[in-house]
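Listing of model_2.csv, CSV, C-alpha atoms
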```csv
chain,number,residue,atom,x,y,z
A,1,MET,CA,30.2,-49.0,-2.9
A,2,GLU,CA,28.7,-46.1,-4.8
A,3,ASN,CA,29.5,-42.5,-4.1
A,4,ASN,CA,26.9,-40.8,-1.9
A,5,GLU,CA,27.2,-37.5,-3.8
A,6,SER,CA,25.9,-39.2,-7.0
A,7,GLN,CA,22.9,-40.5,-5.2
A,8,GLN,CA,21.7,-37.1,-3.9
A,9,GLN,CA,19.3,-35.3,-6.2
A,10,PRO,CA,18.6,-31.6,-6.2
A,11,ASN,CA,15.4,-30.5,-4.6
A,12,PRO,CA,12.8,-30.1,-7.4
A,13,SER,CA,10.6,-27.7,-5.5
A,14,PRO,CA,11.4,-24.0,-5.8
A,15,ALA,CA,12.9,-22.2,-2.8
A,16,PRO,CA,10.4,-20.2,-0.8
A,17,TYR,CA,10.5,-16.4,-1.3
A,18,ASN,CA,12.0,-15.7,2.1
A,19,HIS,CA,14.8,-18.1,1.5
A,20,VAL,CA,18.1,-16.5,0.4
A,21,ASN,CA,19.4,-18.5,-2.6
A,22,ASN,CA,23.2,-18.3,-2.3
A,23,ASN,CA,23.6,-19.0,-6.0
A,24,ASN,CA,22.0,-15.7,-7.0
A,25,GLU,CA,23.8,-13.3,-4.6
A,26,ASN,CA,24.9,-11.1,-7.5
A,27,PHE,CA,21.4,-10.8,-9.1
A,28,GLN,CA,21.4,-8.0,-11.5
A,29,LEU,CA,18.8,-6.4,-13.8
A,30,ASN,CA,19.6,-5.6,-17.4
A,31,HIS,CA,19.2,-2.1,-18.8
A,32,LYS,CA,15.7,-2.8,-20.3
A,33,SER,CA,14.4,-4.1,-16.9
A,34,LEU,CA,15.9,-1.1,-15.1
A,35,GLY,CA,14.2,1.2,-17.7
A,36,TYR,CA,10.8,-0.5,-16.9
A,37,LEU,CA,11.4,-0.1,-13.2
A,38,VAL,CA,12.2,3.6,-13.5
A,39,ASP,CA,9.2,4.1,-15.8
A,40,ALA,CA,7.0,2.3,-13.2
A,41,ALA,CA,8.5,4.5,-10.5
A,42,LYS,CA,7.5,7.6,-12.5
A,43,TRP,CA,3.9,6.5,-12.7
A,44,ALA,CA,3.9,5.5,-9.1
A,45,LYS,CA,5.1,9.0,-8.2
A,46,LEU,CA,2.4,10.6,-10.3
A,47,ILE,CA,-0.3,8.5,-8.8
A,48,SER,CA,0.9,9.0,-5.3
A,49,LEU,CA,1.3,12.8,-5.6
A,50,ILE,CA,-2.2,13.2,-7.2
A,51,SER,CA,-3.7,11.0,-4.5
A,52,LEU,CA,-2.0,12.8,-1.6
A,53,CYS,CA,-3.1,16.2,-3.0
A,54,LEU,CA,-6.7,14.9,-3.4
A,55,ILE,CA,-6.6,13.5,0.2
A,56,GLY,CA,-5.4,16.9,1.5
A,57,VAL,CA,-8.2,18.7,-0.4
A,58,TYR,CA,-10.8,16.3,0.9
A,59,CYS,CA,-9.5,16.8,4.5
A,60,LEU,CA,-9.8,20.6,4.1
A,61,LEU,CA,-13.3,20.3,2.6
A,62,ILE,CA,-14.4,18.0,5.4
A,63,ILE,CA,-13.1,20.4,8.0
A,64,ALA,CA,-14.7,23.4,6.3
A,65,PHE,CA,-18.0,21.6,6.0
A,66,PHE,CA,-18.2,20.6,9.6
A,67,ILE,CA,-16.9,24.0,10.9
A,68,GLY,CA,-19.4,25.8,8.7
A,69,PHE,CA,-22.1,23.4,9.9
A,70,ILE,CA,-21.5,23.9,13.6
A,71,PRO,CA,-22.6,27.5,14.0
A,72,ALA,CA,-25.9,26.7,12.2
A,73,VAL,CA,-26.9,24.4,15.0
A,74,ASP,CA,-28.8,26.0,17.9
A,75,ASN,CA,-28.0,23.3,20.5
A,76,PRO,CA,-24.4,23.5,21.7
A,77,PHE,CA,-24.5,19.8,22.7
A,78,SER,CA,-25.3,18.8,19.1
A,79,SER,CA,-22.4,20.8,17.8
A,80,ILE,CA,-20.0,18.9,20.1
A,81,ILE,CA,-21.4,15.6,18.8
A,82,GLY,CA,-21.1,17.0,15.2
A,83,ILE,CA,-17.4,17.3,15.6
A,84,PHE,CA,-16.9,13.5,16.0
A,85,PRO,CA,-17.8,12.7,12.3
A,86,MET,CA,-15.3,15.3,11.2
A,87,PHE,CA,-12.6,13.6,13.2
A,88,PHE,CA,-13.7,10.2,11.8
A,89,PHE,CA,-13.6,11.3,8.2
A,90,VAL,CA,-10.3,13.2,8.5
A,91,GLY,CA,-8.8,10.2,10.3
A,92,LEU,CA,-10.1,8.0,7.5
A,93,MET,CA,-8.5,10.2,4.9
A,94,LEU,CA,-5.2,10.1,6.8
A,95,ILE,CA,-5.4,6.3,6.9
A,96,CYS,CA,-5.9,6.4,3.1
A,97,ALA,CA,-2.8,8.6,2.8
A,98,ILE,CA,-0.5,6.0,4.4
A,99,PRO,CA,-0.3,3.6,1.3
A,100,MET,CA,0.1,6.6,-1.0
A,101,TRP,CA,3.0,7.9,1.1
A,102,TRP,CA,4.6,4.4,0.8
A,103,LEU,CA,4.1,4.4,-3.0
A,104,TYR,CA,5.7,7.9,-3.1
A,105,GLN,CA,8.7,6.6,-1.1
A,106,PHE,CA,9.0,3.6,-3.4
A,107,SER,CA,9.2,5.9,-6.4
A,108,ILE,CA,11.8,8.2,-4.8
A,109,LYS,CA,14.0,5.4,-3.6
A,110,ILE,CA,13.9,3.4,-6.8
A,111,ASN,CA,15.0,6.4,-8.8
A,112,TYR,CA,17.9,7.0,-6.4
A,113,ALA,CA,18.9,3.3,-6.3
A,114,VAL,CA,19.0,3.0,-10.1
A,115,GLU,CA,20.8,6.3,-10.5
A,116,TYR,CA,23.5,5.6,-7.9
A,117,ASN,CA,23.5,1.7,-8.2
A,118,ASN,CA,22.7,1.4,-4.5
A,119,ASP,CA,21.5,-2.0,-3.3
A,120,LEU,CA,20.4,-0.8,0.1
A,121,GLU,CA,18.1,1.8,-1.4
A,122,ILE,CA,16.5,-0.7,-3.8
A,123,GLU,CA,15.9,-3.0,-0.9
A,124,ASN,CA,14.2,-0.1,1.0
A,125,ALA,CA,12.2,0.8,-2.1
A,126,PHE,CA,10.8,-2.7,-2.5
A,127,GLN,CA,10.0,-2.8,1.2
A,128,PHE,CA,7.9,0.3,0.8
A,129,LEU,CA,6.2,-1.3,-2.3
A,130,ARG,CA,5.5,-4.4,-0.3
A,131,ASN,CA,4.0,-2.4,2.5
A,132,HIS,CA,1.8,-0.5,0.0
A,133,TYR,CA,0.5,-3.7,-1.6
A,134,LYS,CA,0.0,-5.4,1.8
A,135,PHE,CA,-2.1,-2.5,2.9
A,136,ILE,CA,-4.1,-2.5,-0.3
A,137,GLY,CA,-4.7,-6.2,0.0
A,138,ILE,CA,-5.8,-6.0,3.6
A,139,ALA,CA,-8.1,-3.1,2.8
A,140,SER,CA,-9.6,-5.0,-0.1
A,141,ILE,CA,-10.3,-8.0,2.1
A,142,VAL,CA,-12.0,-5.7,4.7
A,143,ILE,CA,-14.1,-4.0,2.0
A,144,ILE,CA,-15.1,-7.3,0.5
A,145,ALA,CA,-16.1,-8.6,4.0
A,146,ALA,CA,-18.1,-5.5,4.7
A,147,TYR,CA,-19.9,-5.7,1.4
A,148,SER,CA,-20.6,-9.4,2.0
A,149,VAL,CA,-22.0,-8.7,5.5
A,150,SER,CA,-24.2,-5.9,4.2
A,151,PHE,CA,-25.5,-8.0,1.3
A,152,PHE,CA,-26.3,-10.8,3.7
A,153,ILE,CA,-28.1,-8.4,6.1
A,154,GLY,CA,-30.0,-6.9,3.2
A,155,PHE,CA,-31.0,-10.3,1.9
A,156,MET,CA,-32.1,-11.4,5.4
A,157,MET,CA,-34.3,-8.2,5.6
A,158,LEU,CA,-36.0,-9.1,2.3
A,159,LEU,CA,-37.1,-12.5,3.5
A,160,PRO,CA,-40.6,-12.7,4.9
A,161,SER,CA,-40.8,-13.3,8.7
```
This entry written out as structure tokens:
Amino acid sequence: MENNESQQQPNPSPAPYNHVNNNNENFQLNHKSLGYLVDAAKWAKLISLISLCLIGVYCLLIIAFFIGFIPAVDNPFSSIIGIFPMFFFVGLMLICAIPMWWLYQFSIKINYAVEYNNDLEIENAFQFLRNHYKFIGIASIVIIAAYSVSFFIGFMMLLPS
């Protein structure tokens, strides 16, 4: 009778990403990889800070435009309606600020994690990076869908009746 252990073969398929591989619990990055990670965090911080500043400026410009536009309108009812686009555009800018804030948090937490060799902070940093890219991916799908629908509607309008 043969030994059952010799008959078992390892699973050739790779483990899924959400599966914890017990063989790599002490996964570590070498100094060169950590340097690349810190360098990427510096660029992420720069991009996020510039984006957050621009979003703030855009919000102020939108508010200034609509507040400056409201007194020029003679009808008080139309000035109330004119405030809704202001809230819409400011809200849109605040929604755009969310992934930039996550990118900023990633950069801060990566620098802290590498400096103090903190596994919990590096996990939190990658969670912020995951949230950032998940948001960007969903936004890209929404934008592509909106463009597809608008091209389809435009094409249908060009067809003769």
Could you make a table, as a tab-separated table, of the residues of region 41-111 of chain A that have an atom within 6 Å of an atom of region 123-138 of chain A, each with its nearest atom pair and distance in Å to one decimal, counting all atoms listed in the file, in chain and number order?
```
residue	atom	partner	partner_atom	distance
A:Pro99	CA	A:His132	CA	4.8
A:Trp102	CA	A:Phe128	CA	5.3
A:Phe106	CA	A:Ala125	CA	4.4
A:Lys109	CA	A:Ala125	CA	5.2
A:Ile110	CA	A:Ala125	CA	5.6
```
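Counting from CA of Leu46 (chain A), the distance to CA of Ile98 (chain A) is 15.7 Å.
For the choices A:Leu103, A:Ala145, A:Leu158, A:Val114, the atom-to-atom distance to Trp43 (chain A) is smallest for A:Leu103 when using all atoms listed in the file.
Proximity of A:Ala64, A:Ala40, A:Cys96, A:Ile47 to Ala139 (chain A), computed with only C-alpha atoms, is greatest for A:Cys96.
Candidate residues A:Phe152, A:Met157, A:Asp119, A:Ile62 were compared for distance to Asn26 (chain A), and the nearest is A:Asp119, using all atoms listed in the file.
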Legend entry - Sphere at (10.9, 4.9, -9.3), radius 6 Å, counting only C-alpha atoms: residues as an MDAnalysis selection string: chainID A and resid 38 41:42 107:108 110:111
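In this structure, CA of Ile141 (chain A) sits 22.6 Å away from CA of Ala44 (chain A).
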Inset, instruction - To one decimal in Å, tell me the separation between CA of Ser161 (chain A) and CA of Ser148 (chain A). - result: 21.6 Å
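Nearest residue to Ile95 (chain A) among A:Asn118, A:Phe151, A:Asp39, A:Leu52 is A:Leu52, counting all atoms listed in the file.
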Inset, instruction - Determine, counting all atoms listed in the file, which protein, DNA and RNA residues have an atom within 12 Å of an atom of Ile55 (chain A); residues of the same chain fewer than 2 positions away are not included. Present the result as number ranges by chain. - result: A: 48-53, 57-62, 89-101
